[in-house]
$ cat data.txt   # compact mmCIF, N, CA and C atoms
# COMPACT_ATOMS: atom_id res chain seq x y z
N MET A 1 112.84 96.53 124.42
CA MET A 1 112.07 95.35 124.76
C MET A 1 113.04 94.31 125.32
N ILE A 2 112.71 93.82 126.50
CA ILE A 2 113.53 92.78 127.12
C ILE A 2 113.13 91.44 126.52
N PRO A 3 114.06 90.72 125.91
CA PRO A 3 113.68 89.42 125.34
C PRO A 3 113.38 88.40 126.44
N ARG A 4 112.30 87.63 126.22
CA ARG A 4 111.92 86.59 127.18
C ARG A 4 111.54 85.33 126.41
N THR A 5 111.54 84.23 127.09
CA THR A 5 111.12 82.96 126.51
C THR A 5 109.62 82.81 126.74
N SER A 6 108.86 82.50 125.68
CA SER A 6 107.42 82.29 125.80
C SER A 6 107.16 80.80 125.87
N GLU A 7 106.50 80.36 126.95
CA GLU A 7 106.14 78.96 127.12
C GLU A 7 104.62 78.84 127.07
N VAL A 8 104.11 78.02 126.15
CA VAL A 8 102.67 77.83 126.00
C VAL A 8 102.38 76.34 126.08
N ASN A 9 101.47 75.97 126.98
CA ASN A 9 101.11 74.57 127.12
C ASN A 9 100.27 74.08 125.94
N HIS A 10 99.22 74.85 125.56
CA HIS A 10 98.32 74.40 124.50
C HIS A 10 97.62 75.60 123.85
N ILE A 11 97.61 75.64 122.52
CA ILE A 11 96.84 76.63 121.76
C ILE A 11 95.94 75.87 120.79
N HIS A 12 94.65 76.22 120.79
CA HIS A 12 93.72 75.63 119.83
C HIS A 12 92.95 76.78 119.18
N VAL A 13 93.21 77.02 117.91
CA VAL A 13 92.50 78.03 117.13
C VAL A 13 91.73 77.28 116.06
N ARG A 14 90.41 77.40 116.06
CA ARG A 14 89.59 76.65 115.10
C ARG A 14 89.66 77.21 113.68
N SER A 15 89.81 78.53 113.58
CA SER A 15 89.81 79.15 112.25
C SER A 15 90.64 80.42 112.28
N ILE A 16 91.48 80.60 111.26
CA ILE A 16 92.26 81.83 111.13
C ILE A 16 92.21 82.24 109.66
N LEU A 17 91.81 83.49 109.41
CA LEU A 17 91.56 83.94 108.04
C LEU A 17 92.08 85.36 107.80
N PHE A 18 92.22 85.72 106.55
CA PHE A 18 92.36 87.08 106.05
C PHE A 18 93.39 87.94 106.79
N SER A 19 94.64 87.68 106.56
CA SER A 19 95.73 88.50 107.05
C SER A 19 95.84 88.50 108.58
N SER A 20 95.43 87.41 109.19
CA SER A 20 95.53 87.28 110.64
C SER A 20 96.81 86.53 111.00
N VAL A 21 97.21 86.64 112.27
CA VAL A 21 98.50 86.11 112.70
C VAL A 21 98.37 85.40 114.04
N VAL A 22 99.02 84.24 114.18
CA VAL A 22 99.25 83.60 115.47
C VAL A 22 100.75 83.54 115.64
N ASN A 23 101.25 84.11 116.74
CA ASN A 23 102.69 84.16 116.94
C ASN A 23 103.01 83.92 118.41
N VAL A 24 103.96 83.03 118.65
CA VAL A 24 104.47 82.80 119.99
C VAL A 24 105.94 83.17 119.95
N GLY A 25 106.32 84.10 120.79
CA GLY A 25 107.70 84.57 120.83
C GLY A 25 107.76 86.07 120.60
N ASP A 26 108.93 86.61 120.76
CA ASP A 26 109.12 88.05 120.59
C ASP A 26 109.08 88.44 119.13
N THR A 27 108.56 89.64 118.89
CA THR A 27 108.43 90.16 117.53
C THR A 27 108.92 91.60 117.50
N GLY A 28 109.73 91.92 116.52
CA GLY A 28 110.18 93.30 116.36
C GLY A 28 109.11 94.17 115.74
N ARG A 29 108.48 93.68 114.66
CA ARG A 29 107.46 94.46 113.96
C ARG A 29 106.42 93.50 113.40
N LEU A 30 105.16 93.88 113.53
CA LEU A 30 104.06 93.09 112.98
C LEU A 30 103.09 94.03 112.28
N ALA A 31 102.74 93.71 111.03
CA ALA A 31 101.78 94.50 110.28
C ALA A 31 100.80 93.56 109.58
N ALA A 32 99.52 93.89 109.64
CA ALA A 32 98.49 93.11 108.95
C ALA A 32 97.44 94.09 108.44
N PHE A 33 96.89 93.81 107.25
CA PHE A 33 95.95 94.71 106.59
C PHE A 33 94.87 93.87 105.92
N SER A 34 93.62 94.30 106.05
CA SER A 34 92.51 93.59 105.43
C SER A 34 91.44 94.57 104.98
N GLN A 35 90.89 94.34 103.78
CA GLN A 35 89.75 95.09 103.27
C GLN A 35 88.69 94.08 102.86
N ALA A 36 87.43 94.38 103.17
CA ALA A 36 86.34 93.47 102.80
C ALA A 36 85.10 94.26 102.46
N LEU A 37 84.35 93.74 101.52
CA LEU A 37 83.06 94.29 101.15
C LEU A 37 82.03 93.20 101.47
N ALA A 38 81.17 93.45 102.44
CA ALA A 38 80.18 92.47 102.88
C ALA A 38 78.82 92.86 102.31
N ILE A 39 78.34 92.08 101.37
CA ILE A 39 77.08 92.39 100.70
C ILE A 39 76.03 91.38 101.16
N GLN A 40 74.98 91.90 101.78
CA GLN A 40 73.86 91.07 102.17
C GLN A 40 72.71 91.43 101.24
N LYS A 41 72.48 90.59 100.24
CA LYS A 41 71.52 90.90 99.19
C LYS A 41 70.12 90.42 99.57
N TYR A 42 69.14 91.06 98.98
CA TYR A 42 67.74 90.68 99.19
C TYR A 42 67.50 89.26 98.74
N GLU A 43 68.03 88.92 97.56
CA GLU A 43 67.95 87.55 97.06
C GLU A 43 69.33 86.93 97.20
N PRO A 44 69.49 85.94 98.06
CA PRO A 44 70.82 85.39 98.36
C PRO A 44 71.39 84.55 97.23
N THR A 45 71.89 85.23 96.20
CA THR A 45 72.55 84.54 95.09
C THR A 45 73.99 85.03 95.02
N PHE A 46 74.85 84.23 94.45
CA PHE A 46 76.26 84.61 94.32
C PHE A 46 76.64 84.57 92.85
N ASP A 47 77.26 85.65 92.39
CA ASP A 47 77.75 85.73 91.02
C ASP A 47 79.24 86.00 91.09
N SER A 48 80.05 85.00 90.77
CA SER A 48 81.50 85.16 90.87
C SER A 48 82.03 86.26 89.95
N ALA A 49 81.32 86.60 88.89
CA ALA A 49 81.76 87.67 87.98
C ALA A 49 81.73 89.02 88.69
N LEU A 50 80.84 89.19 89.68
CA LEU A 50 80.77 90.45 90.39
C LEU A 50 82.03 90.74 91.19
N SER A 51 82.71 89.70 91.66
CA SER A 51 83.90 89.92 92.47
C SER A 51 84.99 90.66 91.69
N GLY A 52 85.02 90.50 90.39
CA GLY A 52 86.00 91.22 89.57
C GLY A 52 85.64 92.68 89.36
N LEU A 53 84.42 93.07 89.69
CA LEU A 53 83.97 94.45 89.48
C LEU A 53 84.15 95.32 90.72
N ILE A 54 84.53 94.73 91.82
CA ILE A 54 84.66 95.50 93.06
C ILE A 54 85.84 96.45 92.96
N ASN A 55 85.58 97.72 93.22
CA ASN A 55 86.60 98.75 93.19
C ASN A 55 86.58 99.44 94.55
N PHE A 56 87.45 99.00 95.46
CA PHE A 56 87.44 99.51 96.83
C PHE A 56 87.52 101.03 96.92
N PRO A 57 88.31 101.73 96.10
CA PRO A 57 88.36 103.20 96.22
C PRO A 57 87.02 103.90 95.96
N ASN A 58 86.04 103.20 95.37
CA ASN A 58 84.72 103.81 95.18
C ASN A 58 83.97 104.00 96.49
N TYR A 59 84.43 103.36 97.55
CA TYR A 59 83.75 103.41 98.83
C TYR A 59 84.58 104.23 99.82
N GLN A 60 83.96 105.22 100.42
CA GLN A 60 84.65 106.13 101.33
C GLN A 60 85.30 105.38 102.49
N ALA A 61 84.71 104.29 102.94
CA ALA A 61 85.26 103.54 104.07
C ALA A 61 86.69 103.09 103.81
N PHE A 62 87.07 102.94 102.53
CA PHE A 62 88.41 102.46 102.20
C PHE A 62 89.38 103.58 101.82
N THR A 63 88.89 104.81 101.72
CA THR A 63 89.77 105.90 101.28
C THR A 63 90.01 106.96 102.34
N ILE A 64 89.14 107.04 103.35
CA ILE A 64 89.37 108.07 104.37
C ILE A 64 90.64 107.73 105.15
N PRO A 65 91.39 108.76 105.52
CA PRO A 65 92.64 108.50 106.25
C PRO A 65 92.35 107.83 107.60
N ARG A 66 93.21 106.96 107.95
CA ARG A 66 93.10 106.25 109.22
C ARG A 66 93.53 107.19 110.35
N PRO A 67 92.72 107.33 111.38
CA PRO A 67 93.13 108.20 112.49
C PRO A 67 94.31 107.58 113.25
N ARG A 68 95.24 108.41 113.61
CA ARG A 68 96.39 107.95 114.40
C ARG A 68 96.06 108.09 115.87
N PRO A 69 96.43 107.12 116.67
CA PRO A 69 96.14 107.24 118.10
C PRO A 69 96.92 108.38 118.73
N ALA A 70 96.32 108.97 119.74
CA ALA A 70 96.99 110.05 120.48
C ALA A 70 98.15 109.45 121.26
N PRO A 71 99.22 110.21 121.45
CA PRO A 71 100.32 109.67 122.24
C PRO A 71 99.84 109.33 123.65
N PRO A 72 100.35 108.25 124.22
CA PRO A 72 99.88 107.87 125.55
C PRO A 72 100.27 108.91 126.60
N LYS A 73 99.39 109.06 127.57
CA LYS A 73 99.70 109.95 128.69
C LYS A 73 100.68 109.23 129.60
N GLU A 74 101.48 110.01 130.28
CA GLU A 74 102.44 109.40 131.20
C GLU A 74 101.70 108.78 132.37
N VAL A 75 102.05 107.56 132.66
CA VAL A 75 101.46 106.83 133.77
C VAL A 75 102.58 106.34 134.66
N THR A 76 102.45 106.59 135.94
CA THR A 76 103.43 106.09 136.89
C THR A 76 102.90 104.78 137.45
N MET A 77 103.65 103.72 137.29
CA MET A 77 103.23 102.43 137.80
C MET A 77 104.43 101.58 138.13
N GLN A 78 104.18 100.60 138.97
CA GLN A 78 105.20 99.63 139.28
C GLN A 78 104.63 98.26 138.97
N SER A 79 105.43 97.43 138.33
CA SER A 79 104.99 96.07 138.03
C SER A 79 106.19 95.14 138.13
N PHE A 80 105.89 93.87 138.29
CA PHE A 80 106.94 92.88 138.32
C PHE A 80 106.62 91.83 137.29
N ASN A 81 107.52 91.61 136.38
CA ASN A 81 107.39 90.55 135.38
C ASN A 81 108.61 89.65 135.52
N ASP A 82 108.36 88.37 135.45
CA ASP A 82 109.48 87.44 135.45
C ASP A 82 110.36 87.81 134.28
N PRO A 83 111.58 88.20 134.50
CA PRO A 83 112.41 88.70 133.42
C PRO A 83 112.79 87.64 132.38
N ALA A 84 112.57 86.37 132.67
CA ALA A 84 113.03 85.35 131.74
C ALA A 84 111.90 84.67 130.97
N TYR A 85 110.67 84.63 131.51
CA TYR A 85 109.62 83.80 130.92
C TYR A 85 108.27 84.51 130.83
N ILE A 86 107.52 84.15 129.78
CA ILE A 86 106.09 84.43 129.68
C ILE A 86 105.45 83.04 129.65
N ARG A 87 104.64 82.74 130.66
CA ARG A 87 104.06 81.40 130.75
C ARG A 87 102.55 81.48 130.54
N VAL A 88 102.03 80.63 129.64
CA VAL A 88 100.60 80.59 129.31
C VAL A 88 100.17 79.13 129.40
N GLY A 89 99.02 78.91 130.02
CA GLY A 89 98.48 77.55 130.13
C GLY A 89 97.81 77.13 128.83
N THR A 90 96.51 77.41 128.69
CA THR A 90 95.73 76.98 127.54
C THR A 90 95.03 78.18 126.91
N VAL A 91 95.06 78.25 125.59
CA VAL A 91 94.34 79.27 124.83
C VAL A 91 93.41 78.52 123.87
N ASP A 92 92.11 78.84 123.91
CA ASP A 92 91.13 78.19 123.03
C ASP A 92 90.32 79.29 122.36
N ILE A 93 90.45 79.40 121.04
CA ILE A 93 89.83 80.49 120.28
C ILE A 93 88.98 79.92 119.15
N LEU A 94 87.76 80.45 118.99
CA LEU A 94 86.90 80.02 117.88
C LEU A 94 87.43 80.50 116.54
N GLY A 95 87.80 81.78 116.45
CA GLY A 95 88.26 82.28 115.17
C GLY A 95 88.99 83.60 115.29
N ILE A 96 89.93 83.80 114.38
CA ILE A 96 90.67 85.06 114.25
C ILE A 96 90.55 85.45 112.79
N SER A 97 90.12 86.69 112.54
CA SER A 97 89.88 87.08 111.16
C SER A 97 90.15 88.56 110.95
N ALA A 98 90.34 88.93 109.70
CA ALA A 98 90.44 90.32 109.26
C ALA A 98 91.51 91.10 110.02
N ALA A 99 92.75 90.71 109.85
CA ALA A 99 93.90 91.36 110.46
C ALA A 99 93.90 91.26 111.98
N GLY A 100 93.31 90.18 112.51
CA GLY A 100 93.34 89.93 113.95
C GLY A 100 94.66 89.26 114.33
N ILE A 101 94.94 89.24 115.62
CA ILE A 101 96.22 88.71 116.07
C ILE A 101 96.08 88.00 117.41
N LEU A 102 96.73 86.87 117.53
CA LEU A 102 96.99 86.21 118.81
C LEU A 102 98.50 86.23 118.96
N HIS A 103 98.97 86.97 119.93
CA HIS A 103 100.42 87.13 120.11
C HIS A 103 100.78 86.87 121.55
N ILE A 104 101.66 85.93 121.78
CA ILE A 104 102.15 85.63 123.12
C ILE A 104 103.64 85.90 123.10
N GLY A 105 104.04 86.99 123.71
CA GLY A 105 105.44 87.40 123.70
C GLY A 105 105.53 88.91 123.68
N GLY A 106 106.75 89.39 123.61
CA GLY A 106 106.96 90.82 123.53
C GLY A 106 106.83 91.29 122.10
N ILE A 107 106.42 92.54 121.93
CA ILE A 107 106.32 93.11 120.59
C ILE A 107 106.76 94.57 120.67
N HIS A 108 107.59 94.96 119.73
CA HIS A 108 108.11 96.32 119.73
C HIS A 108 107.19 97.28 118.98
N HIS A 109 106.74 96.89 117.78
CA HIS A 109 105.90 97.77 116.96
C HIS A 109 104.82 96.93 116.28
N ILE A 110 103.58 97.43 116.33
CA ILE A 110 102.47 96.71 115.71
C ILE A 110 101.63 97.70 114.91
N ASP A 111 101.19 97.29 113.72
CA ASP A 111 100.38 98.13 112.84
C ASP A 111 99.32 97.24 112.20
N LEU A 112 98.08 97.34 112.67
CA LEU A 112 96.99 96.52 112.16
C LEU A 112 95.89 97.42 111.61
N GLU A 113 95.29 96.99 110.50
CA GLU A 113 94.17 97.75 109.93
C GLU A 113 93.20 96.79 109.28
N SER A 114 91.93 96.96 109.59
CA SER A 114 90.87 96.16 108.99
C SER A 114 89.71 97.08 108.67
N ARG A 115 89.30 97.09 107.42
CA ARG A 115 88.17 97.93 106.99
C ARG A 115 87.14 97.06 106.30
N VAL A 116 85.88 97.22 106.71
CA VAL A 116 84.78 96.45 106.13
C VAL A 116 83.66 97.41 105.78
N LYS A 117 83.17 97.33 104.57
CA LYS A 117 82.00 98.10 104.14
C LYS A 117 80.84 97.11 104.04
N HIS A 118 79.79 97.38 104.82
CA HIS A 118 78.61 96.52 104.81
C HIS A 118 77.52 97.14 103.94
N ILE A 119 76.98 96.36 103.04
CA ILE A 119 75.83 96.78 102.24
C ILE A 119 74.71 95.82 102.64
N ARG A 120 73.72 96.34 103.32
CA ARG A 120 72.71 95.49 103.93
C ARG A 120 71.45 95.27 103.10
N ASN A 121 71.13 96.19 102.20
CA ASN A 121 69.89 96.04 101.43
C ASN A 121 70.22 96.26 99.97
N TYR A 122 70.80 95.28 99.35
CA TYR A 122 71.31 95.42 97.98
C TYR A 122 70.20 95.61 96.96
N ARG A 123 68.97 95.24 97.26
CA ARG A 123 67.89 95.37 96.28
C ARG A 123 67.60 96.82 95.92
N THR A 124 68.09 97.78 96.71
CA THR A 124 67.87 99.19 96.40
C THR A 124 68.76 99.69 95.28
N ASN A 125 69.79 98.90 94.92
CA ASN A 125 70.69 99.31 93.84
C ASN A 125 69.98 99.04 92.51
N PRO A 126 69.83 100.06 91.65
CA PRO A 126 69.10 99.86 90.39
C PRO A 126 69.80 98.92 89.42
N ASP A 127 71.10 98.70 89.59
CA ASP A 127 71.84 97.83 88.69
C ASP A 127 72.68 96.84 89.50
N PRO A 128 72.16 95.65 89.78
CA PRO A 128 72.88 94.70 90.63
C PRO A 128 74.18 94.18 90.02
N LYS A 129 74.43 94.43 88.74
CA LYS A 129 75.70 94.03 88.12
C LYS A 129 76.78 95.08 88.32
N ASN A 130 76.41 96.23 88.88
CA ASN A 130 77.35 97.33 89.06
C ASN A 130 77.48 97.62 90.55
N LEU A 131 78.71 97.54 91.08
CA LEU A 131 78.92 97.76 92.51
C LEU A 131 79.39 99.17 92.82
N ASP A 132 79.29 100.10 91.86
CA ASP A 132 79.66 101.48 92.13
C ASP A 132 78.69 102.07 93.15
N ILE A 133 79.11 103.16 93.78
CA ILE A 133 78.26 103.81 94.76
C ILE A 133 76.99 104.34 94.08
N VAL A 134 75.86 104.02 94.66
CA VAL A 134 74.58 104.47 94.14
C VAL A 134 73.89 105.22 95.26
N SER A 135 73.42 106.43 94.97
CA SER A 135 72.71 107.21 95.99
C SER A 135 71.38 106.55 96.30
N VAL A 136 71.17 106.31 97.58
CA VAL A 136 69.92 105.72 98.04
C VAL A 136 69.40 106.61 99.15
N PRO A 137 68.13 107.06 99.08
CA PRO A 137 67.62 107.93 100.14
C PRO A 137 67.64 107.19 101.47
N PRO A 138 67.91 107.91 102.57
CA PRO A 138 67.93 107.25 103.87
C PRO A 138 66.55 106.72 104.24
N VAL A 139 66.53 105.61 104.94
CA VAL A 139 65.28 105.02 105.37
C VAL A 139 64.91 105.62 106.71
N GLY A 140 63.79 106.29 106.75
CA GLY A 140 63.31 106.89 108.00
C GLY A 140 62.18 106.06 108.58
N ARG A 141 61.73 106.42 109.76
CA ARG A 141 60.66 105.69 110.44
C ARG A 141 59.40 105.69 109.59
N SER A 142 59.08 106.81 108.91
CA SER A 142 57.85 106.87 108.12
C SER A 142 57.91 105.89 106.95
N MET A 143 59.08 105.70 106.34
CA MET A 143 59.22 104.76 105.24
C MET A 143 59.06 103.32 105.74
N LEU A 144 59.55 103.04 106.93
CA LEU A 144 59.42 101.71 107.48
C LEU A 144 57.97 101.39 107.80
N ASP A 145 57.22 102.37 108.29
CA ASP A 145 55.82 102.17 108.60
C ASP A 145 54.98 101.89 107.35
N GLN A 146 55.39 102.42 106.19
CA GLN A 146 54.67 102.21 104.94
C GLN A 146 54.76 100.76 104.48
N ASP A 147 55.82 100.06 104.88
CA ASP A 147 56.00 98.67 104.44
C ASP A 147 55.08 97.71 105.15
N LYS A 148 54.41 98.14 106.20
CA LYS A 148 53.55 97.24 106.98
C LYS A 148 52.23 96.99 106.33

$ encode --input "data.txt" --output "structure tokens"
Amino acid sequence: MIPRTSEVNHIHVRSILFSSVVNVGDTGRLAAFSQALAIQKYEPTFDSALSGLINFPNYQAFTIPRPRPAPPKEVTMQSFNDPAYIRVGTVDILGISAAGILHIGGIHHIDLESRVKHIRNYRTNPDPKNLDIVSVPPVGRSMLDQDK
């Protein structure tokens, strides 16, 4: 990696959360990791005691191996970069979250991972105090028509 000077006129990020990074300049290695359980319950109540019961390994989304990207194919190209500077005018971002990154500069190695398990209809769980995996039959078109 050829080191360069990063010049930024203005950066405005309104919100940055959960293992996210804003970096201006060269970076040798960057790693960020985030796990989240998003529960959208039928009755929108919050019980802080439930947060202590969450066991991420109970959910397959957090235990399956992460696929590794295939090695890049060889590409023949010509480009010209100013060898001394990376120049950026204005960056305006609403939010960066869940192992997201805003990076202006060179980077040698990057490793980011974000996993989110969404539970959209929590009322189907027979025990709302227990966040373990509960088998729920799939909702088909015929079941949806019965609700009308």

$ residues_near_point --input "data.txt" --point "(79.8, 97.8, 101.8)" --cutoff "5 Å" --atoms "all atoms listed in the file" --output "list in words"
Leu37, Ala38, Lys117, His118 and Ile119 of chain A

$ write_last_selection --input "data.txt" --atoms "N, CA and C atoms" --output "compact mmCIF listing (two decimals), in the coordinates of the input"
# COMPACT_ATOMS: atom_id res chain seq x y z
N LEU A 37 84.35 93.74 101.52
CA LEU A 37 83.06 94.29 101.15
C LEU A 37 82.03 93.20 101.47
N ALA A 38 81.17 93.45 102.44
CA ALA A 38 80.18 92.47 102.88
C ALA A 38 78.82 92.86 102.31
N LYS A 117 83.17 97.33 104.57
CA LYS A 117 82.00 98.10 104.14
C LYS A 117 80.84 97.11 104.04
N HIS A 118 79.79 97.38 104.82
CA HIS A 118 78.61 96.52 104.81
C HIS A 118 77.52 97.14 103.94
N ILE A 119 76.98 96.36 103.04
CA ILE A 119 75.83 96.78 102.24
C ILE A 119 74.71 95.82 102.64

$ atom_distance --input "data.txt" --atom1 "atom N of His108 of chain A" --atom2 "atom N of Thr76 of chain A"
20.6 Å

$ atom_distance --input "data.txt" --atom1 "atom N of Pro57 of chain A" --atom2 "atom N of Ser97 of chain A"
22.4 Å

$ atom_distance --input "data.txt" --atom1 "atom C of Ile96 of chain A" --atom2 "atom N of Thr27 of chain A"
19.5 Å

$ residues_around --input "data.txt" --residues "segment 12-20 of chain A" --least-positions-apart "3" --cutoff "12 Å" --atoms "only C-alpha atoms" --output "MDAnalysis selection string"
chainID A and resid 8:9 23 30:36 89:103 112:115

$ residues_near_point --input "data.txt" --point "(110.0, 83.7, 129.7)" --cutoff "6.5 Å" --atoms "all atoms listed in the file" --output "PyMOL selection string"
chain A and resi 4-7+82-87

$ axis_aligned_box --input "data.txt" --around "segment 108-112 of chain A" --padding-each-side "8 Å" --output "AutoDock Vina command-line options"
--center_x 102.0 --center_y 96.5 --center_z 115.7 --size_x 28.2 --size_y 19.2 --size_z 24.1
